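Following: one structure in structure tokens, then a few remarks.
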Amino acid sequence: NFEDFATTLHRTLSPERVVWVCSLALDQNSDIAGSLHDLDTCPFSVALRASQRVLAVTDDSAQALSRCWVVLEAHLARLYRKPYDIALPDDTNVDQWQTLREKLEVLDVTNCHATVAKDKEAILDYAARAEGGVSA
């Protein structure tokens, strides 16, 4: 929920830190997948490339890691050599970190979800064209 998200950001980042929140900044109802054919012009990629670091904020079930866009974000962060961190609602909770570890151990972008089916197709097409293919 948004309250957990805001609390996690407040706990994780300094008050002076400026953040760009993809899900709030991009029109989630537009044809985002249509711009994936050229990642240099995709608003998602342009913003990520301009960032200093990437912070993935997830809930205690690490549900975000099952989303295609989050997996793409992690890939692009690596590609653009951006520090990539994951924040949990309670970073001291060992069970939450165990859940996160279990999700990462079986992470497979082909099993991830997207609200819009065309987004998942576009991300999988991009992954297939990338070095190492989908399995990378």
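Labeling convention for the structure tokens: chains A, B, ... as they appear, residues from 1 per chain, ligands from 1 in order of appearance.
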May I have the residues within 6 Å of region 94-100 of chain A as a list in words, using only C-alpha atoms and disregarding those fewer than 2 positions away in the same chain?
Asp60, Ala62, Glu102 and Lys103 of chain A
Preceding selection exported with N, CA, C and O atoms as a tab-separated table (two decimals), in the first residue's frame:
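In the end it all went to selection_13.tsv:
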chain	number	residue	atom	x	y	z
A	60	ASP	N	6.38	-6.83	1.99
A	60	ASP	CA	6.97	-7.94	2.74
A	60	ASP	C	6.89	-9.27	2.00
A	60	ASP	O	7.57	-10.22	2.37
A	62	ALA	N	7.67	-9.41	-1.25
A	62	ALA	CA	8.57	-9.20	-2.39
A	62	ALA	C	7.83	-9.36	-3.71
A	62	ALA	O	8.39	-9.76	-4.72
A	102	GLU	N	14.23	-16.13	-1.62
A	102	GLU	CA	13.52	-17.21	-2.29
A	102	GLU	C	12.97	-16.76	-3.64
A	102	GLU	O	13.01	-17.50	-4.63
A	103	LYS	N	12.46	-15.53	-3.72
A	103	LYS	CA	11.96	-14.99	-4.99
A	103	LYS	C	13.10	-14.84	-5.99
A	103	LYS	O	12.95	-15.17	-7.17
Per-residue DSSP, region 86-133 of chain A, filtered to alpha helix (DSSP H), as a list in words
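The alpha helix (DSSP H) subset of region 86-133 of chain A is Val94, Asp95, Gln96, Trp97, Gln98, Thr99, Leu100, Arg101, Glu102, Lys103, Leu104, Glu105, Ala117, Lys118, Asp119, Lys120, Glu121, Ala122, Ile123, Leu124, Asp125, Tyr126, Ala127, Ala128 and Arg129 of chain A.
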When DSSP works through the backbone of this structure, what residues of region 25-105 of chain A end up as strand (DSSP E or B), shown as JSON, numbers by chain?
{"A": [54, 55, 56, 57, 67, 84, 85, 86, 87]}
Hey, can you spit out that residue selection with all heavy atoms as a PDB file, in the first residue's frame?
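And here's part31.pdb as it stands now:
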ATOM      1  N   VAL A  54      19.316   3.180  -8.359  1.00  0.00           N
ATOM      2  CA  VAL A  54      17.967   2.626  -8.448  1.00  0.00           C
ATOM      3  C   VAL A  54      17.640   1.968  -7.115  1.00  0.00           C
ATOM      4  O   VAL A  54      18.444   1.203  -6.567  1.00  0.00           O
ATOM      5  CB  VAL A  54      17.860   1.590  -9.594  1.00  0.00           C
ATOM      6  CG1 VAL A  54      16.485   0.947  -9.619  1.00  0.00           C
ATOM      7  CG2 VAL A  54      18.182   2.257 -10.932  1.00  0.00           C
ATOM      8  N   LEU A  55      16.476   2.282  -6.604  1.00  0.00           N
ATOM      9  CA  LEU A  55      15.994   1.681  -5.370  1.00  0.00           C
ATOM     10  C   LEU A  55      14.651   1.026  -5.669  1.00  0.00           C
ATOM     11  O   LEU A  55      13.686   1.702  -6.002  1.00  0.00           O
ATOM     12  CB  LEU A  55      15.821   2.733  -4.267  1.00  0.00           C
ATOM     13  CG  LEU A  55      15.231   2.230  -2.951  1.00  0.00           C
ATOM     14  CD1 LEU A  55      16.187   1.253  -2.267  1.00  0.00           C
ATOM     15  CD2 LEU A  55      14.907   3.407  -2.039  1.00  0.00           C
ATOM     16  N   ALA A  56      14.620  -0.295  -5.592  1.00  0.00           N
ATOM     17  CA  ALA A  56      13.365  -1.025  -5.763  1.00  0.00           C
ATOM     18  C   ALA A  56      12.726  -1.164  -4.388  1.00  0.00           C
ATOM     19  O   ALA A  56      13.339  -1.688  -3.462  1.00  0.00           O
ATOM     20  CB  ALA A  56      13.616  -2.398  -6.371  1.00  0.00           C
ATOM     21  N   VAL A  57      11.515  -0.672  -4.254  1.00  0.00           N
ATOM     22  CA  VAL A  57      10.788  -0.738  -2.987  1.00  0.00           C
ATOM     23  C   VAL A  57       9.724  -1.815  -3.136  1.00  0.00           C
ATOM     24  O   VAL A  57       8.909  -1.767  -4.052  1.00  0.00           O
ATOM     25  CB  VAL A  57      10.136   0.615  -2.641  1.00  0.00           C
ATOM     26  CG1 VAL A  57       9.339   0.522  -1.356  1.00  0.00           C
ATOM     27  CG2 VAL A  57      11.203   1.698  -2.541  1.00  0.00           C
ATOM     28  N   ARG A  67       7.134  -8.773 -11.222  1.00  0.00           N
ATOM     29  CA  ARG A  67       6.648  -7.861 -12.259  1.00  0.00           C
ATOM     30  C   ARG A  67       7.704  -7.695 -13.355  1.00  0.00           C
ATOM     31  O   ARG A  67       8.880  -7.462 -13.065  1.00  0.00           O
ATOM     32  CB  ARG A  67       6.325  -6.485 -11.661  1.00  0.00           C
ATOM     33  CG  ARG A  67       5.422  -6.495 -10.447  1.00  0.00           C
ATOM     34  CD  ARG A  67       4.009  -6.848 -10.733  1.00  0.00           C
ATOM     35  NE  ARG A  67       3.462  -5.891 -11.702  1.00  0.00           N
ATOM     36  CZ  ARG A  67       2.364  -6.121 -12.410  1.00  0.00           C
ATOM     37  NH1 ARG A  67       1.702  -7.234 -12.261  1.00  0.00           N
ATOM     38  NH2 ARG A  67       1.926  -5.221 -13.257  1.00  0.00           N
ATOM     39  N   TYR A  84      22.149  -0.625  -7.499  1.00  0.00           N
ATOM     40  CA  TYR A  84      20.775  -1.139  -7.408  1.00  0.00           C
ATOM     41  C   TYR A  84      20.550  -1.688  -6.010  1.00  0.00           C
ATOM     42  O   TYR A  84      21.270  -2.574  -5.561  1.00  0.00           O
ATOM     43  CB  TYR A  84      20.566  -2.246  -8.449  1.00  0.00           C
ATOM     44  CG  TYR A  84      19.144  -2.735  -8.545  1.00  0.00           C
ATOM     45  CD1 TYR A  84      18.244  -2.123  -9.392  1.00  0.00           C
ATOM     46  CD2 TYR A  84      18.702  -3.816  -7.792  1.00  0.00           C
ATOM     47  CE1 TYR A  84      16.932  -2.560  -9.500  1.00  0.00           C
ATOM     48  CE2 TYR A  84      17.397  -4.268  -7.883  1.00  0.00           C
ATOM     49  CZ  TYR A  84      16.524  -3.647  -8.743  1.00  0.00           C
ATOM     50  OH  TYR A  84      15.229  -4.077  -8.845  1.00  0.00           O
ATOM     51  N   ASP A  85      19.576  -1.141  -5.334  1.00  0.00           N
ATOM     52  CA  ASP A  85      19.255  -1.581  -3.979  1.00  0.00           C
ATOM     53  C   ASP A  85      17.786  -1.970  -3.903  1.00  0.00           C
ATOM     54  O   ASP A  85      16.962  -1.494  -4.684  1.00  0.00           O
ATOM     55  CB  ASP A  85      19.527  -0.455  -2.974  1.00  0.00           C
ATOM     56  CG  ASP A  85      20.989  -0.069  -2.930  1.00  0.00           C
ATOM     57  OD1 ASP A  85      21.823  -0.930  -2.606  1.00  0.00           O
ATOM     58  OD2 ASP A  85      21.294   1.104  -3.233  1.00  0.00           O
ATOM     59  N   ILE A  86      17.486  -2.810  -2.946  1.00  0.00           N
ATOM     60  CA  ILE A  86      16.103  -3.207  -2.677  1.00  0.00           C
ATOM     61  C   ILE A  86      15.787  -2.831  -1.242  1.00  0.00           C
ATOM     62  O   ILE A  86      16.573  -3.121  -0.335  1.00  0.00           O
ATOM     63  CB  ILE A  86      15.899  -4.722  -2.886  1.00  0.00           C
ATOM     64  CG1 ILE A  86      16.209  -5.104  -4.345  1.00  0.00           C
ATOM     65  CG2 ILE A  86      14.478  -5.135  -2.513  1.00  0.00           C
ATOM     66  CD1 ILE A  86      16.176  -6.586  -4.621  1.00  0.00           C
ATOM     67  N   ALA A  87      14.651  -2.181  -1.049  1.00  0.00           N
ATOM     68  CA  ALA A  87      14.217  -1.800   0.291  1.00  0.00           C
ATOM     69  C   ALA A  87      12.955  -2.574   0.648  1.00  0.00           C
ATOM     70  O   ALA A  87      12.036  -2.696  -0.161  1.00  0.00           O
ATOM     71  CB  ALA A  87      13.955  -0.302   0.370  1.00  0.00           C
TER      72      ALA A  87
END
Near Lys82 (chain A), within 10 Å and counting only C-alpha atoms, which residues show up once chain neighbours fewer than 4 positions away are dropped, as a list in words?
Leu48, Arg49, Ala50, Ser51, Gln52, Arg53, Val54, Leu55, Ala74, Leu76, Ala77 and Arg78 of chain A
